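Undergrad: What follows is the file start_21.csv, containing CSV, C-alpha atoms:
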chain,number,residue,atom,x,y,z
A,281,MET,CA,-31.3,28.5,45.0
A,282,THR,CA,-34.8,28.0,46.6
A,283,LYS,CA,-38.0,27.1,44.7
A,284,ASN,CA,-39.2,30.7,45.1
A,285,GLU,CA,-35.9,32.0,43.7
A,286,ILE,CA,-35.9,29.9,40.6
A,287,ALA,CA,-39.6,30.8,40.0
A,288,SER,CA,-38.6,34.5,40.1
A,289,ILE,CA,-36.3,34.1,37.1
A,290,ILE,CA,-38.6,32.0,34.9
A,291,ASP,CA,-40.2,33.5,31.8
A,292,HIS,CA,-43.3,31.3,31.5
A,293,THR,CA,-43.6,30.8,27.8
A,294,VAL,CA,-46.1,29.9,25.1
A,295,LEU,CA,-45.0,30.8,21.5
A,296,ALA,CA,-46.7,28.0,19.6
A,297,PRO,CA,-48.4,29.1,16.5
A,298,ASN,CA,-51.6,27.2,17.5
A,299,ALA,CA,-51.8,28.7,20.9
A,300,ARG,CA,-55.4,29.7,21.8
A,301,THR,CA,-56.7,32.4,24.1
A,302,SER,CA,-57.5,29.8,26.7
A,303,HIS,CA,-53.9,28.7,26.7
A,304,ILE,CA,-52.7,32.2,27.3
A,305,GLU,CA,-55.2,32.8,30.1
A,306,GLN,CA,-54.0,29.6,31.8
A,307,LEU,CA,-50.4,30.7,31.2
A,308,CYS,CA,-51.0,34.0,33.0
A,309,ALA,CA,-52.8,32.4,35.9
A,310,GLU,CA,-50.0,30.0,36.4
A,311,ALA,CA,-47.4,32.8,36.2
A,312,VAL,CA,-49.3,34.8,38.9
A,313,ASN,CA,-49.8,31.8,41.2
A,314,ASN,CA,-46.1,30.8,41.0
A,315,HIS,CA,-44.6,34.3,41.0
A,316,PHE,CA,-42.8,33.9,37.7
A,317,ALA,CA,-40.8,36.8,36.3
A,318,SER,CA,-42.9,37.1,33.2
A,319,VAL,CA,-45.0,35.4,30.6
A,320,CYS,CA,-43.5,35.4,27.1
A,321,VAL,CA,-46.0,35.3,24.3
A,322,ASN,CA,-46.4,36.2,20.6
A,323,PRO,CA,-47.2,39.9,19.9
A,324,ASN,CA,-50.9,39.2,19.2
A,325,PHE,CA,-51.4,38.3,22.8
A,326,VAL,CA,-49.6,41.2,24.5
A,327,SER,CA,-52.7,43.3,25.1
A,328,LEU,CA,-54.5,40.3,26.7
A,329,CYS,CA,-51.6,39.4,28.9
A,330,ALA,CA,-51.0,43.0,30.0
A,331,SER,CA,-54.6,43.2,31.1
A,332,LEU,CA,-54.6,39.9,32.9
A,333,LEU,CA,-51.3,40.6,34.7
A,334,LYS,CA,-51.9,44.2,35.7
A,335,GLY,CA,-51.0,44.8,39.3
A,336,THR,CA,-49.6,41.3,39.8
A,337,GLY,CA,-45.9,42.0,39.5
A,338,VAL,CA,-45.6,39.5,36.6
A,339,LYS,CA,-44.4,41.2,33.4
A,340,THR,CA,-45.6,40.8,29.9
A,341,CYS,CA,-42.8,39.8,27.5
A,342,THR,CA,-43.0,39.4,23.8
A,343,VAL,CA,-40.8,38.5,20.8
A,344,ILE,CA,-39.5,40.7,18.0
A,345,GLY,CA,-38.5,39.6,14.6
A,346,PHE,CA,-39.4,36.1,15.7
A,347,PRO,CA,-38.3,33.4,15.0
A,348,LEU,CA,-35.9,34.1,12.1
A,349,GLY,CA,-34.7,37.6,12.8
A,350,ALA,CA,-34.8,38.1,9.0
A,351,ILE,CA,-36.7,41.4,8.7
A,352,PRO,CA,-35.3,45.0,8.4
A,353,SER,CA,-34.2,46.8,11.5
A,354,GLU,CA,-36.9,49.4,11.1
A,355,ASP,CA,-39.5,46.7,11.2
A,356,LYS,CA,-38.1,45.3,14.4
A,357,ALA,CA,-38.2,48.8,15.8
A,358,SER,CA,-41.8,49.2,14.7
A,359,GLU,CA,-42.8,45.9,16.3
A,360,THR,CA,-41.1,47.0,19.5
A,361,THR,CA,-43.0,50.3,19.6
A,362,THR,CA,-46.3,48.5,19.0
A,363,ALA,CA,-45.6,45.9,21.6
A,364,ILE,CA,-44.8,48.5,24.3
A,365,LYS,CA,-47.9,50.5,23.4
A,366,ASN,CA,-49.9,47.3,23.9
A,367,GLY,CA,-48.4,46.7,27.3
A,368,ALA,CA,-45.1,44.7,26.9
A,369,LYS,CA,-42.5,45.4,29.6
A,370,GLU,CA,-39.9,43.1,28.1
A,371,VAL,CA,-39.0,42.3,24.4
A,372,ASP,CA,-36.9,39.4,23.2
A,373,MET,CA,-35.5,40.3,19.7
A,374,VAL,CA,-33.8,37.9,17.2
A,375,ILE,CA,-30.6,39.1,15.7
A,376,ASP,CA,-30.0,39.1,12.0
A,377,ILE,CA,-28.4,35.6,11.9
A,378,THR,CA,-27.2,36.0,8.3
A,379,ALA,CA,-25.3,39.1,9.2
A,380,ALA,CA,-23.6,37.4,12.1
A,381,LEU,CA,-22.7,34.4,9.9
A,382,ASP,CA,-21.3,36.8,7.3
A,383,GLY,CA,-19.2,38.6,9.9
A,384,ARG,CA,-21.1,41.9,9.5
A,385,PHE,CA,-21.0,42.7,13.1
A,386,ASP,CA,-21.5,46.4,12.6
A,387,TYR,CA,-24.8,45.6,11.1
A,388,VAL,CA,-25.7,43.2,14.0
A,389,GLU,CA,-25.0,45.9,16.5
A,390,GLU,CA,-27.0,48.5,14.6
A,391,ASP,CA,-29.9,46.1,14.3
A,392,ILE,CA,-29.9,45.6,18.0
A,393,LYS,CA,-29.6,49.4,18.6
A,394,ALA,CA,-32.7,50.0,16.6
A,395,VAL,CA,-34.7,47.9,19.0
A,396,VAL,CA,-33.0,49.3,22.1
A,397,LYS,CA,-33.7,52.9,20.8
A,398,ALA,CA,-37.3,52.1,20.2
A,399,ALA,CA,-37.6,50.6,23.7
A,400,ARG,CA,-35.8,53.5,25.4
A,401,SER,CA,-37.8,56.2,23.5
A,402,SER,CA,-40.9,54.9,25.1
A,403,GLU,CA,-39.8,56.5,28.4
A,404,LYS,CA,-40.8,53.3,30.2
A,405,GLU,CA,-38.6,50.7,31.9
A,406,ILE,CA,-38.4,48.2,29.1
A,407,THR,CA,-36.0,45.2,29.3
A,408,VAL,CA,-34.4,44.2,25.9
A,409,LYS,CA,-33.1,40.7,25.4
A,410,VAL,CA,-31.2,39.7,22.4
A,411,ILE,CA,-31.6,36.2,21.0
A,412,LEU,CA,-28.5,34.9,19.2
A,413,GLU,CA,-29.7,31.5,18.1
A,414,THR,CA,-26.5,29.9,19.3
A,415,CYS,CA,-27.1,26.6,17.5
A,416,PHE,CA,-26.1,28.2,14.2
A,417,LEU,CA,-23.0,30.1,15.5
A,418,ASP,CA,-19.5,29.1,16.5
A,419,ASP,CA,-18.0,30.3,19.8
A,420,GLU,CA,-16.1,33.3,18.3
A,421,THR,CA,-19.3,34.5,16.6
A,422,ILE,CA,-21.3,34.1,19.8
A,423,ARG,CA,-18.7,36.2,21.6
A,424,LYS,CA,-18.8,38.9,19.0
A,425,CYS,CA,-22.6,39.0,19.0
A,426,CYS,CA,-22.7,39.2,22.8
A,427,LEU,CA,-20.3,42.2,22.6
A,428,CYS,CA,-22.6,43.8,19.9
A,429,ALA,CA,-25.6,43.4,22.3
A,430,LYS,CA,-23.6,44.9,25.2
A,431,SER,CA,-22.4,47.8,23.1
A,432,ALA,CA,-25.9,48.4,21.8
A,433,GLY,CA,-27.2,48.8,25.3
A,434,ALA,CA,-29.3,45.7,25.6
A,435,ASP,CA,-30.1,44.2,29.0
A,436,PHE,CA,-29.7,40.5,28.2
A,437,VAL,CA,-28.3,38.1,25.7
A,438,LYS,CA,-30.4,35.0,25.1
A,439,THR,CA,-29.4,31.6,23.7
A,440,SER,CA,-32.3,30.4,21.4
A,441,THR,CA,-35.7,30.8,20.0
A,442,GLY,CA,-36.4,27.0,20.3
A,443,PHE,CA,-37.7,27.1,16.8
A,444,ALA,CA,-34.4,26.6,14.9
A,445,HIS,CA,-33.9,23.3,13.0
A,446,PRO,CA,-30.1,22.9,12.4
A,447,VAL,CA,-28.9,19.8,10.6
A,448,ASP,CA,-25.6,18.3,9.7
A,449,ASN,CA,-24.3,17.6,6.2
A,450,ASP,CA,-26.3,14.4,6.0
A,451,GLY,CA,-29.5,16.1,7.1
A,452,ASN,CA,-29.5,14.7,10.6
A,453,ALA,CA,-31.0,17.0,13.2
A,454,LEU,CA,-28.7,18.8,15.6
A,455,PRO,CA,-29.4,20.3,19.0
A,456,ASN,CA,-31.3,23.6,18.8
A,457,GLY,CA,-31.6,24.9,22.3
A,458,ALA,CA,-29.6,26.2,25.3
A,459,THR,CA,-26.4,24.4,26.3
A,460,VAL,CA,-24.3,24.8,29.4
A,461,HIS,CA,-21.3,25.5,27.3
A,462,HIS,CA,-23.0,28.4,25.4
A,463,VAL,CA,-24.5,29.9,28.6
A,464,ARG,CA,-21.1,29.8,30.3
A,465,LEU,CA,-19.5,31.4,27.2
A,466,MET,CA,-22.1,34.1,27.1
A,467,ARG,CA,-21.7,34.9,30.8
A,468,GLU,CA,-17.9,35.0,30.5
A,469,THR,CA,-18.2,37.4,27.6
A,470,VAL,CA,-20.7,39.9,28.9
A,471,GLY,CA,-19.5,39.9,32.5
A,472,PRO,CA,-21.5,40.2,35.7
A,473,ASP,CA,-23.6,43.2,34.9
A,474,MET,CA,-25.6,42.0,31.9
A,475,GLY,CA,-28.3,39.4,31.9
A,476,VAL,CA,-28.0,35.9,30.3
A,477,LYS,CA,-31.2,34.1,29.4
A,478,ALA,CA,-31.1,30.4,28.7
A,479,SER,CA,-34.0,29.3,26.5
A,480,GLY,CA,-34.8,26.3,24.4
A,481,GLY,CA,-35.2,22.7,25.6
A,482,ILE,CA,-35.2,23.4,29.3
A,483,ARG,CA,-37.9,21.2,30.7
A,484,ASN,CA,-36.9,20.0,34.1
A,485,ALA,CA,-35.2,21.1,37.4
A,486,GLU,CA,-31.9,19.4,36.6
A,487,GLN,CA,-31.5,21.3,33.3
A,488,ALA,CA,-32.6,24.6,34.9
A,489,LYS,CA,-30.1,24.2,37.7
A,490,ALA,CA,-27.3,23.5,35.2
A,491,MET,CA,-28.1,26.7,33.3
A,492,VAL,CA,-28.1,28.8,36.5
A,493,GLU,CA,-24.8,27.3,37.6
A,494,ALA,CA,-23.4,28.1,34.2
A,495,GLY,CA,-24.4,31.8,34.6
A,496,ALA,CA,-28.0,32.2,33.5
A,497,ASN,CA,-30.1,34.6,35.5
A,498,ARG,CA,-33.2,34.1,33.5
A,499,ILE,CA,-34.8,30.9,32.2
A,500,GLY,CA,-37.2,30.8,29.3
A,501,THR,CA,-39.3,27.7,29.3
A,502,SER,CA,-42.8,26.3,28.7
A,503,GLY,CA,-42.0,23.8,31.4
A,504,GLY,CA,-42.0,26.2,34.4
A,505,ILE,CA,-44.6,24.2,36.3
A,506,LYS,CA,-42.7,21.0,35.9
A,507,ILE,CA,-39.5,22.6,37.0
A,508,LEU,CA,-41.0,23.8,40.2
A,509,SER,CA,-42.8,20.5,40.9
A,510,THR,CA,-39.4,18.7,40.9
A,511,TRP,CA,-37.2,21.4,42.4
A,512,GLU,CA,-35.3,20.4,45.6
Would you put the structure from the file into C-alpha cells?

TA:
Amino acid sequence: MTKNEIASIIDHTVLAPNARTSHIEQLCAEAVNNHFASVCVNPNFVSLCASLLKGTGVKTCTVIGFPLGAIPSEDKASETTTAIKNGAKEVDMVIDITAALDGRFDYVEEDIKAVVKAARSSEKEITVKVILETCFLDDETIRKCCLCAKSAGADFVKTSTGFAHPVDNDGNALPNGATVHHVRLMRETVGPDMGVKASGGIRNAEQAKAMVEAGANRIGTSGGIKILSTWE
C-alpha cells in the first residue's frame, strides 16, 4: 500500500472534549492537504467542518451516542438526523454495550437499525459505522454484534471509541483500542463486502499496516500525520 493509498483510508480525528475551534480548523487543513478520507469530530463541530471541507473531497464524519452508547435508540436517531442536516456524510455510532453484554442481540440490532434508518431517510449517501467497543466484549459477542450491524444495513463495523477504560479484577488498566486479533475477527465475520474500521491507539505506520493486513479498510486516528511521515 502506497502513502497515498493509506492516506485515502484515514479518518483524521479529534474527539477530545477540550478541542478548540483552532484545532478543528487545523484538522481540516491537514485532511485536505493529505487527501484523507474524512475528518471525525464531535457533533458540535460538524457545521464548521462541512463548511471548511466543501468541494475538497474530504468528508465530514461525526459520532453518535458517543462515547458510551448508553442513550435510547430514538435519541441516537435524532442525533443522526441533526448531524446530517448540519453536513455530516459519515456517522460512527456506539452500540448499546450493556445490551450486547446481556446477550440482548435483538435490541443491539434494532438500536443500529434506528441510526441506519435515520441515515437512509435523509436521501443522501451517508456512511454508517458501528462502534463495538471491543475491549469489553469476548470473541463470540463481537461476532454476534458484527452480524447485528450487517443485518441492520450498516456500512462498517468499528473496533473502539478510544475512550473506554477497562480494568482487571485488581483495578489494573487493560488495553482499550484496536487489536489485530479483533480486526481479523471482525473481517472474517462480516466478509469482504462490509467495511472494517480500526480505531483506538493507532499512532504509527507499523500499527496502521498491521491493521490493514488484518482486514481494516478504514483507520481512525489522531496520528494521521505521523503515520504518513513514517510510511514506507

Undergrad: Residues near region 433-447 of chain A, anyone? I mean within 8 Å using all atoms listed in the file, not counting same-chain ones fewer than 5 positions away, as an MDAnalysis selection string.

TA: chainID A and resid 346:347 374 392:393 396 407:416 426 452:458 462:463 466 474:481

Undergrad: Which residue gives the smallest distance to Val388 (chain A) among A:Asn322, A:Thr342, A:Ser502, A:Thr421, with only C-alpha atoms counted?

TA: A:Thr421

Undergrad: Mind listing whatever residues come within 12 Å of the point (-36.0, 31.0, 41.8)? Use only C-alpha atoms, file coordinates, and give them as a ChimeraX atom specification.

TA: /A:281-291,314-317,485,488-489,492,496-499,504,507-508,511-512

Undergrad: As JSON, please: the centre and edge lengths in Å, to one decimal, of an axis-aligned box enclosing every listed atom of region 339-355 of chain A with 3 Å added on each side.

TA:
{"center_x": -39.9, "center_y": 41.4, "center_z": 20.9, "size_x": 17.4, "size_y": 22.0, "size_z": 31.0}

Undergrad: With all atoms listed in the file as the basis for distance, which of A:Glu486, A:Glu389, A:Asp448, A:Asp355 is at the shortest distance from Ala429 (chain A)?

TA: A:Glu389

Undergrad: A:Ala380, A:Ala398, A:Ala330, A:Leu307: which is nearest Thr360 (chain A), counting only C-alpha atoms?

TA: A:Ala398

Undergrad: So which residues touch Lys334 (chain A) within 12 Å, counting all atoms listed in the file, skipping near sequence neighbours fewer than 6 positions away, as a VMD selection string?

TA: chain A and resid 308 to 309 312 318 326 to 328 340 367 to 369
